[in-house]
$ cat work_30.txt   # compact mmCIF, C-alpha atoms
# COMPACT_ATOMS: atom_id res chain seq x y z
CA MET Z 23 -59.74 34.34 -47.73
CA LYS Z 24 -60.93 37.66 -49.01
CA THR Z 25 -64.43 37.02 -47.68
CA MET Z 26 -62.94 36.12 -44.31
CA SER Z 27 -60.98 39.33 -43.98
CA LEU Z 28 -64.03 41.35 -45.10
CA LEU Z 29 -66.09 39.69 -42.36
CA VAL Z 30 -63.41 40.43 -39.76
CA ALA Z 31 -63.23 44.06 -40.85
CA LEU Z 32 -67.03 44.41 -40.73
CA SER Z 33 -67.19 42.84 -37.25
CA ALA Z 34 -64.49 45.20 -36.03
CA LEU Z 35 -66.41 48.18 -37.42
CA ILE Z 36 -69.65 47.05 -35.77
CA LEU Z 37 -67.90 46.51 -32.44
CA ALA Z 38 -66.21 49.89 -32.66
CA SER Z 39 -69.49 51.63 -33.30
CA CYS Z 40 -71.06 49.86 -30.32
CA ALA Z 41 -68.20 50.98 -28.11
CA THR Z 42 -68.66 54.73 -28.99
CA SER Z 43 -69.75 56.46 -25.79
CA PRO Z 44 -72.10 59.50 -25.79
CA PRO Z 45 -70.32 62.88 -25.77
CA PRO Z 46 -69.38 63.96 -22.22
CA CYS Z 47 -70.91 67.46 -22.62
CA ASP Z 48 -68.68 68.66 -19.82
CA SER Z 49 -68.45 72.32 -18.78
CA PRO Z 50 -65.41 74.38 -19.84
CA GLN Z 51 -62.71 74.28 -17.17
CA THR Z 52 -60.74 77.29 -18.36
CA ARG Z 53 -61.08 80.82 -16.98
CA ASN Z 54 -60.35 82.34 -20.36
CA LEU Z 55 -63.57 83.37 -22.13
CA SER Z 56 -62.29 82.77 -25.69
CA ALA Z 57 -61.02 79.29 -24.79
CA ALA Z 58 -64.28 78.55 -22.98
CA ILE Z 59 -66.27 79.59 -26.05
CA ASP Z 60 -64.13 77.34 -28.27
CA HIS Z 61 -64.77 74.44 -25.89
CA VAL Z 62 -68.52 75.13 -25.85
CA LYS Z 63 -68.68 75.46 -29.65
CA ASP Z 64 -66.93 72.07 -30.00
CA SER Z 65 -69.29 70.43 -27.54
CA LEU Z 66 -72.40 71.99 -29.09
CA SER Z 67 -71.30 70.81 -32.54
CA SER Z 68 -70.74 67.27 -31.31
CA GLY Z 69 -74.10 66.31 -29.94
CA CYS Z 70 -74.47 68.49 -26.83
CA ALA Z 71 -76.94 71.01 -28.26
CA ALA Z 72 -79.52 70.04 -25.64
CA HIS Z 73 -77.20 71.51 -22.98
CA PHE Z 74 -77.20 74.99 -24.56
CA ASP Z 75 -78.68 76.83 -21.57
CA ARG Z 76 -76.17 75.26 -19.16
CA TYR Z 77 -73.30 76.21 -21.46
CA TYR Z 78 -74.58 79.78 -21.76
CA ASP Z 79 -74.66 79.99 -17.98
CA ASP Z 80 -71.09 78.55 -17.82
CA LEU Z 81 -69.90 81.21 -20.26
CA LEU Z 82 -71.54 83.99 -18.27
CA ARG Z 83 -69.84 82.69 -15.13
CA THR Z 84 -66.48 82.60 -16.90
CA ALA Z 85 -67.00 86.18 -18.19
CA GLU Z 86 -67.90 87.38 -14.69
CA GLY Z 87 -64.37 86.42 -13.70
CA ASP Z 88 -62.95 88.84 -16.29
CA PRO Z 89 -65.57 91.57 -16.79
CA LYS Z 90 -65.05 94.09 -19.58
CA PRO Z 91 -67.19 96.07 -22.06
CA GLY Z 92 -65.89 93.92 -24.94
CA ASN Z 93 -67.65 90.84 -23.53
CA LYS Z 94 -70.93 92.09 -25.02
CA ARG Z 95 -69.49 91.62 -28.49
CA VAL Z 96 -68.10 88.18 -27.61
CA PHE Z 97 -71.53 86.97 -26.47
CA SER Z 98 -73.24 88.54 -29.47
CA GLU Z 99 -70.86 86.76 -31.84
CA PHE Z 100 -71.34 83.48 -30.01
CA LEU Z 101 -75.13 83.80 -30.30
CA VAL Z 102 -74.95 84.74 -33.98
CA TRP Z 103 -72.80 81.62 -34.50
CA SER Z 104 -75.37 79.53 -32.60
CA ALA Z 105 -78.14 80.82 -34.84
CA ASP Z 106 -76.08 80.23 -37.99
CA GLU Z 107 -75.40 76.65 -36.85
CA GLY Z 108 -79.12 76.10 -36.33
CA LEU Z 109 -78.73 75.55 -32.59
CA LEU Z 110 -81.02 78.50 -31.89
CA SER Z 111 -83.63 80.30 -33.95
CA GLN Z 112 -82.96 83.97 -34.74
CA ARG Z 113 -85.62 84.91 -32.21
CA GLN Z 114 -84.07 82.75 -29.48
CA ALA Z 115 -80.65 84.25 -30.19
CA LYS Z 116 -82.10 87.77 -29.88
CA ASP Z 117 -83.90 86.88 -26.67
CA HIS Z 118 -80.73 85.44 -25.14
CA TYR Z 119 -78.74 88.54 -26.04
CA ASN Z 120 -81.30 91.18 -25.10
CA ARG Z 121 -82.32 89.56 -21.85
CA TYR Z 122 -78.78 89.94 -20.53
CA PHE Z 123 -77.15 92.76 -22.48
CA ASN Z 124 -79.88 95.23 -23.47
CA VAL Z 125 -81.67 97.83 -21.37
CA LYS Z 126 -85.06 96.90 -22.85
CA PHE Z 127 -87.13 94.19 -21.19
CA MET Z 128 -88.02 91.21 -23.37
CA THR Z 129 -90.78 90.42 -20.85
CA LEU Z 130 -92.71 93.37 -22.26
CA GLN Z 131 -93.01 91.93 -25.77
CA SER Z 132 -96.68 91.99 -26.72
CA ASP Z 133 -98.96 92.71 -29.67
CA TYR Z 134 -102.05 93.70 -27.69
CA ASN Z 135 -102.99 96.88 -25.87
CA ASN Z 136 -102.23 97.42 -22.20
CA CYS Z 137 -105.83 97.63 -20.96
CA SER Z 138 -106.83 94.29 -22.47
CA HIS Z 139 -103.63 92.29 -22.21
CA THR Z 140 -101.00 93.73 -19.84
CA CYS Z 141 -103.23 94.85 -16.97
CA PRO Z 142 -104.95 91.51 -16.30
CA ARG Z 143 -101.52 89.89 -15.82
CA ARG Z 144 -99.63 92.85 -14.36
CA ASP Z 145 -98.38 91.04 -11.24
CA ARG Z 146 -96.94 88.21 -13.29
CA ILE Z 147 -95.30 90.64 -15.71
CA MET Z 148 -93.69 92.62 -12.90
CA LEU Z 149 -92.35 89.40 -11.38
CA ASP Z 150 -90.88 88.35 -14.75
CA MET Z 151 -89.38 91.81 -15.19
CA GLU Z 152 -87.77 91.53 -11.78
CA ARG Z 153 -86.17 88.24 -12.82
CA GLU Z 154 -85.03 89.77 -16.09
CA LEU Z 155 -83.55 92.73 -14.20
CA SER Z 156 -81.44 90.31 -12.22
CA ASP Z 157 -80.20 88.76 -15.51
CA LYS Z 158 -79.41 92.27 -16.74
CA GLU Z 159 -77.47 92.88 -13.56
CA ARG Z 160 -75.40 89.87 -14.49
CA GLY Z 161 -74.98 90.69 -18.19
CA LEU Z 162 -74.69 94.48 -18.10
CA LEU Z 163 -73.05 95.04 -14.75
CA LYS Z 164 -71.07 91.92 -13.82
CA VAL Z 165 -70.04 90.75 -17.30
CA SER Z 166 -69.81 93.98 -19.34
CA LEU Z 167 -69.19 96.68 -16.68
CA ASP Z 168 -71.98 98.73 -18.28
CA ASN Z 169 -73.06 100.55 -15.12
CA ASP Z 170 -75.03 103.20 -16.97
CA GLY Z 171 -76.93 100.56 -18.94
CA TYR Z 172 -77.86 98.65 -15.80
CA TYR Z 173 -78.82 101.84 -13.97
CA ARG Z 174 -81.11 102.80 -16.86
CA ALA Z 175 -82.70 99.31 -16.86
CA ASP Z 176 -83.33 99.59 -13.13
CA GLU Z 177 -84.84 103.04 -13.60
CA LEU Z 178 -86.96 101.77 -16.50
CA PHE Z 179 -88.24 98.94 -14.28
CA GLN Z 180 -89.41 101.48 -11.69
CA GLU Z 181 -90.97 103.73 -14.31
CA VAL Z 182 -92.85 100.82 -15.91
CA GLU Z 183 -94.10 99.78 -12.46
CA LEU Z 184 -95.41 103.30 -11.75
CA VAL Z 185 -96.90 103.91 -15.20
CA LEU Z 186 -98.57 100.49 -15.32
CA GLU Z 187 -100.05 100.99 -11.87
CA ALA Z 188 -101.59 104.29 -12.99
CA THR Z 189 -102.63 103.03 -16.43
CA CYS Z 190 -104.22 99.85 -15.09
CA THR Z 191 -106.08 101.79 -12.39
CA ALA Z 192 -107.40 104.09 -15.14
CA CYS Z 193 -108.31 101.09 -17.34
CA SER Z 194 -110.24 99.36 -14.58
CA ALA Z 195 -112.06 102.58 -13.67
CA GLY Z 196 -113.36 102.78 -17.24
CA GLN Z 197 -114.86 99.28 -17.29
CA MET E 19 -59.63 108.30 -57.48
CA GLU E 20 -62.81 107.71 -59.41
CA LEU E 21 -63.53 104.71 -57.20
CA LEU E 22 -62.98 106.82 -54.11
CA SER E 23 -65.27 109.58 -55.23
CA ARG E 24 -67.92 107.07 -56.25
CA ARG E 25 -67.64 105.41 -52.84
CA GLN E 26 -67.80 108.79 -51.12
CA MET E 27 -70.83 109.65 -53.20
CA SER E 28 -72.56 106.42 -52.34
CA HIS E 29 -71.74 106.98 -48.65
CA GLY E 30 -73.14 110.48 -48.93
CA LEU E 31 -76.31 109.20 -50.54
CA LEU E 32 -76.60 106.50 -47.88
CA ALA E 33 -76.17 109.07 -45.14
CA MET E 34 -78.76 111.32 -46.75
CA ALA E 35 -81.19 108.43 -47.08
CA THR E 36 -80.60 107.49 -43.46
CA LEU E 37 -81.18 111.07 -42.36
CA LEU E 38 -84.37 111.21 -44.41
CA LEU E 39 -85.55 107.97 -42.89
CA ILE E 40 -84.73 109.13 -39.38
CA GLY E 41 -86.41 112.48 -40.07
CA GLU E 42 -89.47 110.69 -41.37
CA SER E 43 -89.62 108.33 -38.41
CA TYR E 44 -89.45 111.30 -36.02
CA ALA E 45 -92.08 113.10 -38.00
CA THR E 46 -94.46 110.14 -37.88
CA THR E 47 -93.80 109.21 -34.21
CA PRO E 48 -97.16 109.76 -32.52
CA THR E 49 -96.97 112.18 -29.63
CA ILE E 50 -99.01 111.32 -26.58
CA ARG E 51 -101.50 113.88 -25.40
CA LEU E 52 -101.67 113.49 -21.64
CA PHE E 53 -101.99 117.11 -20.56
CA PRO E 54 -104.62 119.04 -22.51
CA THR E 55 -105.40 122.57 -21.29
CA THR E 56 -108.31 121.32 -19.15
CA VAL E 57 -105.94 119.22 -16.99
CA VAL E 58 -103.51 122.14 -16.66
CA GLU E 59 -106.35 124.43 -15.57
CA ASP E 60 -107.66 121.82 -13.08
CA LEU E 61 -104.21 121.59 -11.50
CA ARG E 62 -103.91 125.36 -11.20
CA GLN E 63 -107.30 125.54 -9.53
CA THR E 64 -106.48 122.70 -7.10
CA SER E 65 -103.33 124.54 -6.09
CA SER E 66 -105.26 127.72 -5.42
CA VAL E 67 -108.03 125.96 -3.43
CA ALA E 68 -105.37 124.17 -1.33
CA LYS E 69 -103.67 127.50 -0.68
CA GLU E 70 -106.96 129.00 0.57
CA MET E 71 -107.52 126.07 2.92
CA GLU E 72 -104.00 126.30 4.29
CA THR E 73 -104.30 130.04 4.90
CA GLY E 74 -107.57 129.52 6.73
CA LEU E 75 -106.16 126.74 8.89
CA GLN E 76 -102.78 128.29 9.60
CA GLU E 77 -104.15 130.82 12.07
CA VAL E 78 -106.36 128.40 13.98
CA ILE E 79 -103.61 125.79 14.20
CA GLY E 80 -101.20 128.42 15.52
CA GLN E 81 -103.76 129.29 18.18
CA LEU E 82 -104.18 125.60 19.09
CA ASP E 83 -100.40 125.25 19.48
CA GLN E 84 -100.29 128.21 21.88
CA GLN E 85 -103.20 126.91 23.92
CA GLN E 86 -101.66 123.46 24.18
CA GLN E 87 -98.35 124.94 25.27
CA LEU E 88 -100.11 126.95 27.98
CA TYR E 89 -101.97 123.80 29.09
CA HIS E 90 -98.70 121.87 29.49
CA GLU E 91 -96.84 124.76 31.11
CA SER E 92 -99.66 125.11 33.62
CA LYS E 93 -99.05 121.46 34.54
CA CYS E 94 -102.63 120.56 33.65
CA ASP E 95 -101.69 117.01 32.60
CA GLY E 96 -103.01 114.88 35.46
CA ALA E 97 -104.83 117.84 37.04
CA GLU E 98 -107.93 117.74 34.90
CA ASP E 99 -110.25 118.50 37.81
CA ASP E 100 -108.63 121.86 38.41
CA PRO E 101 -111.17 124.57 37.37
CA GLY E 102 -108.47 126.62 35.61
CA CYS E 103 -107.34 123.59 33.61
CA GLN E 104 -110.92 122.74 32.73
CA ARG E 105 -111.36 126.24 31.35
CA LEU E 106 -108.21 125.89 29.28
CA ALA E 107 -109.33 122.49 27.99
CA LYS E 108 -112.67 123.95 26.93
CA GLN E 109 -110.89 126.74 25.07
CA ILE E 110 -108.73 124.19 23.28
CA GLY E 111 -111.83 122.16 22.43
CA ALA E 112 -113.53 125.24 21.01
CA THR E 113 -110.54 126.08 18.81
CA TYR E 114 -110.41 122.45 17.69
CA LEU E 115 -114.07 122.73 16.67
CA ASP E 116 -113.17 125.88 14.71
CA MET E 117 -110.48 123.91 12.90
CA LEU E 118 -112.90 121.15 12.02
CA GLY E 119 -115.41 123.75 10.84
CA ILE E 120 -112.89 125.37 8.49
CA MET E 121 -111.95 121.98 7.09
CA GLU E 122 -115.59 121.08 6.61
CA ASP E 123 -116.13 124.33 4.71
CA ARG E 124 -113.10 124.03 2.45
CA LEU E 125 -112.87 120.32 1.79
CA PRO E 126 -115.81 120.05 -0.64
CA ASP E 127 -114.11 122.55 -3.00
CA MET E 128 -110.84 120.71 -2.62
CA GLU E 129 -112.52 117.37 -3.26
CA HIS E 130 -114.24 118.75 -6.33
CA THR E 131 -111.08 120.12 -7.99
CA VAL E 132 -108.97 117.08 -7.07
CA ASN E 133 -111.63 114.78 -8.52
CA ASN E 134 -111.84 116.85 -11.71
CA THR E 135 -108.09 116.55 -12.25
CA ARG E 136 -108.11 112.87 -11.37
CA LEU E 137 -110.94 112.09 -13.81
CA SER E 138 -109.38 114.08 -16.69
CA LEU E 139 -106.05 112.33 -16.18
CA GLU E 140 -107.75 108.96 -15.82
CA LYS E 141 -109.43 109.37 -19.21
CA ARG E 142 -106.17 110.43 -20.85
CA LEU E 143 -104.13 107.62 -19.33
CA ARG E 144 -106.71 105.04 -20.34
CA SER E 145 -106.88 106.22 -23.92
CA GLU E 146 -103.24 107.21 -24.60
CA LEU E 147 -101.31 104.60 -22.60
CA GLY E 148 -103.94 101.92 -21.97
CA ASN E 149 -105.73 101.52 -25.28
CA LYS E 150 -103.31 102.97 -27.84
CA MET E 151 -100.15 101.28 -26.56
CA THR E 152 -98.80 97.79 -26.02
CA SER E 153 -96.40 97.09 -23.17
CA TRP E 154 -93.58 97.16 -25.74
CA THR E 155 -94.49 100.57 -27.18
CA LEU E 156 -94.95 101.88 -23.65
CA GLN E 157 -91.43 100.74 -22.83
CA GLU E 158 -90.11 102.43 -25.97
CA THR E 159 -91.92 105.62 -25.02
CA LEU E 160 -90.37 105.54 -21.57
CA LEU E 161 -86.94 104.99 -23.09
CA GLY E 162 -87.56 107.79 -25.55
CA GLY E 163 -86.31 105.75 -28.51
CA ASN E 164 -82.79 106.84 -27.64
CA PRO E 165 -79.71 105.16 -26.26
CA PRO E 166 -79.29 105.39 -22.46
CA LYS E 167 -79.51 109.04 -21.50
CA ASP E 168 -77.04 111.09 -19.55
CA THR E 169 -77.59 110.06 -15.94
CA SER E 170 -76.64 113.51 -14.70
CA ALA E 171 -79.80 114.91 -16.30
CA PRO E 172 -82.61 115.33 -13.77
CA ALA E 173 -85.04 112.43 -13.92
CA PRO E 174 -88.73 113.07 -13.27
CA SER E 175 -89.17 112.70 -9.56
CA LEU E 176 -91.39 109.88 -8.40
CA ARG E 177 -94.00 109.63 -5.70
CA GLY E 178 -93.77 110.47 -2.04
CA ARG E 179 -93.99 114.16 -1.47
CA SER E 180 -94.85 114.53 2.18
CA GLY E 181 -92.62 117.25 3.50
CA MET E 182 -94.25 119.73 1.14
CA ARG E 183 -97.31 121.89 1.56
CA LEU E 184 -100.34 120.63 -0.30
CA SER E 185 -100.66 123.87 -2.28
CA GLU E 186 -96.94 123.83 -3.10
CA ARG E 187 -97.20 120.27 -4.31
CA PHE E 188 -100.03 121.13 -6.68
CA SER E 189 -98.29 124.32 -7.67
CA GLN E 190 -95.22 122.25 -8.64
CA TYR E 191 -97.40 119.87 -10.59
CA TYR E 192 -98.96 122.83 -12.36
CA LYS E 193 -95.57 124.31 -13.25
CA LEU E 194 -94.29 120.98 -14.53
CA VAL E 195 -97.37 120.38 -16.63
CA ALA E 196 -97.68 123.97 -17.84
CA SER E 197 -94.19 123.74 -19.30
CA SER E 198 -94.92 120.28 -20.70
CA SER E 199 -93.96 121.32 -24.24
CA SER E 200 -90.35 121.20 -23.06
CA HIS E 201 -90.77 117.65 -21.72
CA THR E 202 -90.35 114.51 -23.73
CA ASP E 203 -93.05 111.85 -23.97
CA GLN E 204 -91.20 109.54 -21.60
CA SER E 205 -91.14 112.01 -18.72
CA LEU E 206 -94.74 113.08 -19.43
CA ALA E 207 -95.97 109.50 -19.06
CA VAL E 208 -94.21 109.21 -15.70
CA LEU E 209 -95.41 112.64 -14.59
CA ALA E 210 -99.04 111.93 -15.56
CA SER E 211 -98.96 108.57 -13.75
CA ASP E 212 -97.39 110.15 -10.69
CA ILE E 213 -99.96 112.94 -10.48
CA TYR E 214 -102.87 110.59 -11.16
CA LEU E 215 -101.90 108.14 -8.39
CA ASP E 216 -101.30 111.02 -6.00
CA MET E 217 -104.75 112.42 -6.85
CA GLU E 218 -106.29 108.99 -6.24
CA GLU E 219 -104.80 108.88 -2.76
CA THR E 220 -105.63 112.52 -2.02
CA SER E 221 -109.18 111.99 -3.20
CA LEU E 222 -109.65 108.95 -0.94
CA LEU E 223 -108.10 110.79 2.00
CA ILE E 224 -110.36 113.80 1.53
CA ALA E 225 -113.45 111.57 1.39
CA ARG E 226 -112.38 109.75 4.56
CA THR E 227 -111.50 113.01 6.30
CA ARG E 228 -114.92 114.45 5.49
CA GLU E 229 -116.59 111.40 7.02
CA GLU E 230 -114.41 111.68 10.11
CA ILE E 231 -115.01 115.40 10.58
CA ALA E 232 -118.69 114.85 11.25
CA ARG E 233 -117.88 112.20 13.87
CA ALA E 234 -115.06 114.22 15.47
CA THR E 235 -117.27 117.32 15.66
CA LEU E 236 -120.00 115.40 17.47
CA ILE E 237 -117.54 113.89 19.96
CA GLU E 238 -115.92 117.25 20.63
CA GLN E 239 -119.28 118.90 21.16
CA LEU E 240 -119.94 116.27 23.82
CA ASN E 241 -116.49 116.78 25.32
CA GLN E 242 -117.14 120.48 25.59
CA SER E 243 -119.59 119.73 28.40
CA PHE E 244 -116.82 117.95 30.34
CA GLY E 245 -113.83 120.10 29.38
CA THR E 246 -111.45 117.26 28.51
CA ILE E 247 -108.72 117.00 25.90
CA THR E 248 -108.73 113.63 24.21
CA PRO E 249 -105.60 112.02 22.76
CA GLU E 250 -107.57 111.65 19.52
CA MET E 251 -107.87 115.43 19.33
CA MET E 252 -104.10 115.85 19.56
CA GLU E 253 -103.62 113.16 16.98
CA VAL E 254 -106.01 114.79 14.52
CA VAL E 255 -104.34 118.18 14.90
CA GLY E 256 -100.90 116.58 14.42
CA GLY E 257 -102.15 114.75 11.33
CA VAL E 258 -103.66 117.87 9.78
CA LYS E 259 -100.42 119.79 10.41
CA SER E 260 -98.26 117.15 8.80
CA ILE E 261 -100.54 116.83 5.77
CA LEU E 262 -100.92 120.55 5.20
CA PHE E 263 -97.61 121.94 6.29
CA GLY E 264 -95.27 119.06 5.59
CA ASP E 265 -93.05 116.71 7.49
CA ASP E 266 -89.40 117.09 6.60
CA THR E 267 -88.25 113.92 8.37
CA SER E 268 -89.81 111.69 5.74
CA PHE E 269 -87.61 113.04 2.95
CA ALA E 270 -85.27 110.29 1.83
CA PRO E 271 -82.87 111.06 -1.03
CA ILE E 272 -82.28 108.35 -3.62
CA ALA E 273 -78.71 107.19 -4.05
CA GLY E 274 -77.03 107.92 -7.37
CA PRO E 275 -75.78 105.28 -9.78
CA PRO E 276 -72.31 103.78 -9.55
CA PRO E 277 -69.77 105.61 -11.75
CA GLY E 278 -70.33 104.58 -15.34
CA SER E 279 -67.98 103.16 -17.91
CA VAL E 280 -66.84 105.72 -20.47
CA GLU E 281 -66.14 103.22 -23.22
CA GLN E 282 -68.07 103.50 -26.47
CA ALA E 283 -71.25 101.44 -26.19
CA TYR E 284 -71.27 98.30 -28.31
CA ARG E 285 -74.36 97.66 -30.41
CA SER E 286 -75.02 94.03 -31.27
CA PRO E 287 -76.78 93.06 -34.50
CA LEU E 288 -79.08 91.04 -32.21
CA GLN E 289 -80.11 94.12 -30.21
CA ASN E 290 -83.79 95.18 -30.38

$ encode --input "work_30.txt" --output "structure tokens"
Amino acid sequence: MKTMSLLVALSALILASCATSPPPCDSPQTRNLSAAIDHVKDSLSSGCAAHFDRYYDDLLRTAEGDPKPGNKRVFSEFLVWSADEGLLSQRQAKDHYNRYFNVKFMTLQSDYNNCSHTCPRRDRIMLDMERELSDKERGLLKVSLDNDGYYRADELFQEVELVLEATCTACSAGQ
Amino acid sequence: MELLSRRQMSHGLLAMATLLLIGESYATTPTIRLFPTTVVEDLRQTSSVAKEMETGLQEVIGQLDQQQQLYHESKCDGAEDDPGCQRLAKQIGATYLDMLGIMEDRLPDMEHTVNNTRLSLEKRLRSELGNKMTSWTLQETLLGGNPPKDTSAPAPSLRGRSGMRLSERFSQYYKLVASSSSHTDQSLAVLASDIYLDMEETSLLIARTREEIARATLIEQLNQSFGTITPEMMEVVGGVKSILFGDDTSFAPIAGPPPGSVEQAYRSPLQN
């Protein structure tokens, strides 16, 4: 009798495990940023880590609906949590934050000098900077209301364009 | 009480250490040398050569303007066969040749000084910004290693200076560069790039103008036998006037930033 009930229990357990559906990984439906972050954290912790980029975009969209300077801190804390949970590396967390909320351009990260490395791919770099500027418009201006920060990033973009044009012309003249 | 004073002391020490570290980092920050005295002197000389050329051309261009006005007032357009109009056209042609002659005389000096400045700056830009910096350090130089600056402070103006006499433009460059000790590295990098690119264009234009002068002189010498005014002649005079004496219509002010937020800036631990 005991063996019978053990078999029934085991079969029920096996069936139940077969019936478990994959997590829905659905986007947050709320317009409240804190609630949206809670929803995203739950989803990311329950098997939806592969959808991180989509969730980050969802959170930015939610924050755009209620822009304020404090949103920078909220996103920073969310990214620190993501790194602590092992969803992102420290470097990825930094890149995600700085791309949207810092004046500096992550596109310009490099260990080699401008003549040998930046100039041969200047067009590509400027295109990537342009894309990053549009992310900064979203993060600094539309999410955090940091007009000065965005204005400085825009100005920096123009200065880099001018200085690189001159520097690369000078580099190629010396070859 | 003891705890408080110990904490205060440790805070004081921490602050002192921070200050020392900051002081040290400022002391060891390499300064970029983009404007040695040779570049400053080249700019001053270019300004003075441009001034000489303008003075020489001003009189002859004034004379051309008067002659053209007389030609139009005498209703010579469409009456080219009239002997009086032919005489006027020849006079205009002769003055035009004078103008080309003055330009031919002055342009080699101008070309020489512009090229000197361009080459000195080129060498400096290549070594200081091209070989000694990565794109990241360049960005940090442009930002000045500081938080976003006060947007009401005047930013170094960028390219596009038609609407200004050539000599004035170089004179402004000279003044900016001569007082470069009061500028920060970030504005110097922009200023050097701006001047260098402008010199590149000016240099090319001077070379092309010199080539064209020989051709235009030959054509005008031929025209002198027929006493005609060509549209090309008018175009060249107009072009020279706008290059040398400016064209105010092309001045386009840049819009200011939207009003900024006054809240204390947040600094994330993730921020670079």

$ atom_distance --input "work_30.txt" --atom1 "atom CA of Z:Pro45" --atom2 "atom CA of Z:Gly69"
6.6 Å

$ residues_around --input "work_30.txt" --residues "E:Thr131" --least-positions-apart "6" --cutoff "12 Å" --atoms "all atoms listed in the file" --output "ChimeraX atom specification"
/E:56-68,124-125,137-138,188,217,220-221,224

$ write_last_selection --input "work_30.txt" --atoms "C-alpha atoms" --output "PDB file, keeping the file's coordinate frame"
ATOM      1  CA  THR E  56    -108.310 121.320 -19.150  1.00  0.00           C
ATOM      2  CA  VAL E  57    -105.940 119.220 -16.990  1.00  0.00           C
ATOM      3  CA  VAL E  58    -103.510 122.140 -16.660  1.00  0.00           C
ATOM      4  CA  GLU E  59    -106.350 124.430 -15.570  1.00  0.00           C
ATOM      5  CA  ASP E  60    -107.660 121.820 -13.080  1.00  0.00           C
ATOM      6  CA  LEU E  61    -104.210 121.590 -11.500  1.00  0.00           C
ATOM      7  CA  ARG E  62    -103.910 125.360 -11.200  1.00  0.00           C
ATOM      8  CA  GLN E  63    -107.300 125.540  -9.530  1.00  0.00           C
ATOM      9  CA  THR E  64    -106.480 122.700  -7.100  1.00  0.00           C
ATOM     10  CA  SER E  65    -103.330 124.540  -6.090  1.00  0.00           C
ATOM     11  CA  SER E  66    -105.260 127.720  -5.420  1.00  0.00           C
ATOM     12  CA  VAL E  67    -108.030 125.960  -3.430  1.00  0.00           C
ATOM     13  CA  ALA E  68    -105.370 124.170  -1.330  1.00  0.00           C
ATOM     14  CA  ARG E 124    -113.100 124.030   2.450  1.00  0.00           C
ATOM     15  CA  LEU E 125    -112.870 120.320   1.790  1.00  0.00           C
ATOM     16  CA  LEU E 137    -110.940 112.090 -13.810  1.00  0.00           C
ATOM     17  CA  SER E 138    -109.380 114.080 -16.690  1.00  0.00           C
ATOM     18  CA  PHE E 188    -100.030 121.130  -6.680  1.00  0.00           C
ATOM     19  CA  MET E 217    -104.750 112.420  -6.850  1.00  0.00           C
ATOM     20  CA  THR E 220    -105.630 112.520  -2.020  1.00  0.00           C
ATOM     21  CA  SER E 221    -109.180 111.990  -3.200  1.00  0.00           C
ATOM     22  CA  ILE E 224    -110.360 113.800   1.530  1.00  0.00           C
TER      23      ILE E 224
END

$ residues_around --input "work_30.txt" --residues "Z:Leu82" --least-positions-apart "6" --cutoff "12 Å" --atoms "all atoms listed in the file" --output "PyMOL selection string"
chain Z and resi 50+53-56+58-59+75-76+88-89+93-94+96-97+100+118-119+122-123+157-166

$ atom_distance --input "work_30.txt" --atom1 "atom CA of E:Gly74" --atom2 "atom CA of E:Asp116"
10.4 Å

$ atom_distance --input "work_30.txt" --atom1 "atom CA of E:Gln86" --atom2 "atom CA of E:Leu118"
16.7 Å

$ closest_residue --input "work_30.txt" --among "E:Ala97, E:Met117, E:Ile213, E:Leu106" --to "E:Val254" --atoms "only C-alpha atoms"
E:Met117

$ closest_residue --input "work_30.txt" --among "E:Ala232, E:Ile237, E:Met252, E:Ala225" --to "E:Asp127" --atoms "all atoms listed in the file"
E:Ala225

$ residues_near_point --input "work_30.txt" --point "(-113.6, 120.6, 21.1)" --cutoff "12 Å" --atoms "only C-alpha atoms" --output "PyMOL selection string"
chain E and resi 82+105-119+231+233-252+254-255

$ write_last_selection --input "work_30.txt" --atoms "C-alpha atoms" --output "short mmCIF file (atom, residue, chain, number, x, y, z; two decimals), keeping the file's coordinate frame"
data_model
loop_
_atom_site.label_atom_id
_atom_site.label_comp_id
_atom_site.auth_asym_id
_atom_site.auth_seq_id
_atom_site.Cartn_x
_atom_site.Cartn_y
_atom_site.Cartn_z
CA LEU E 82 -104.18 125.60 19.09
CA ARG E 105 -111.36 126.24 31.35
CA LEU E 106 -108.21 125.89 29.28
CA ALA E 107 -109.33 122.49 27.99
CA LYS E 108 -112.67 123.95 26.93
CA GLN E 109 -110.89 126.74 25.07
CA ILE E 110 -108.73 124.19 23.28
CA GLY E 111 -111.83 122.16 22.43
CA ALA E 112 -113.53 125.24 21.01
CA THR E 113 -110.54 126.08 18.81
CA TYR E 114 -110.41 122.45 17.69
CA LEU E 115 -114.07 122.73 16.67
CA ASP E 116 -113.17 125.88 14.71
CA MET E 117 -110.48 123.91 12.90
CA LEU E 118 -112.90 121.15 12.02
CA GLY E 119 -115.41 123.75 10.84
CA ILE E 231 -115.01 115.40 10.58
CA ARG E 233 -117.88 112.20 13.87
CA ALA E 234 -115.06 114.22 15.47
CA THR E 235 -117.27 117.32 15.66
CA LEU E 236 -120.00 115.40 17.47
CA ILE E 237 -117.54 113.89 19.96
CA GLU E 238 -115.92 117.25 20.63
CA GLN E 239 -119.28 118.90 21.16
CA LEU E 240 -119.94 116.27 23.82
CA ASN E 241 -116.49 116.78 25.32
CA GLN E 242 -117.14 120.48 25.59
CA SER E 243 -119.59 119.73 28.40
CA PHE E 244 -116.82 117.95 30.34
CA GLY E 245 -113.83 120.10 29.38
CA THR E 246 -111.45 117.26 28.51
CA ILE E 247 -108.72 117.00 25.90
CA THR E 248 -108.73 113.63 24.21
CA PRO E 249 -105.60 112.02 22.76
CA GLU E 250 -107.57 111.65 19.52
CA MET E 251 -107.87 115.43 19.33
CA MET E 252 -104.10 115.85 19.56
CA VAL E 254 -106.01 114.79 14.52
CA VAL E 255 -104.34 118.18 14.90
#
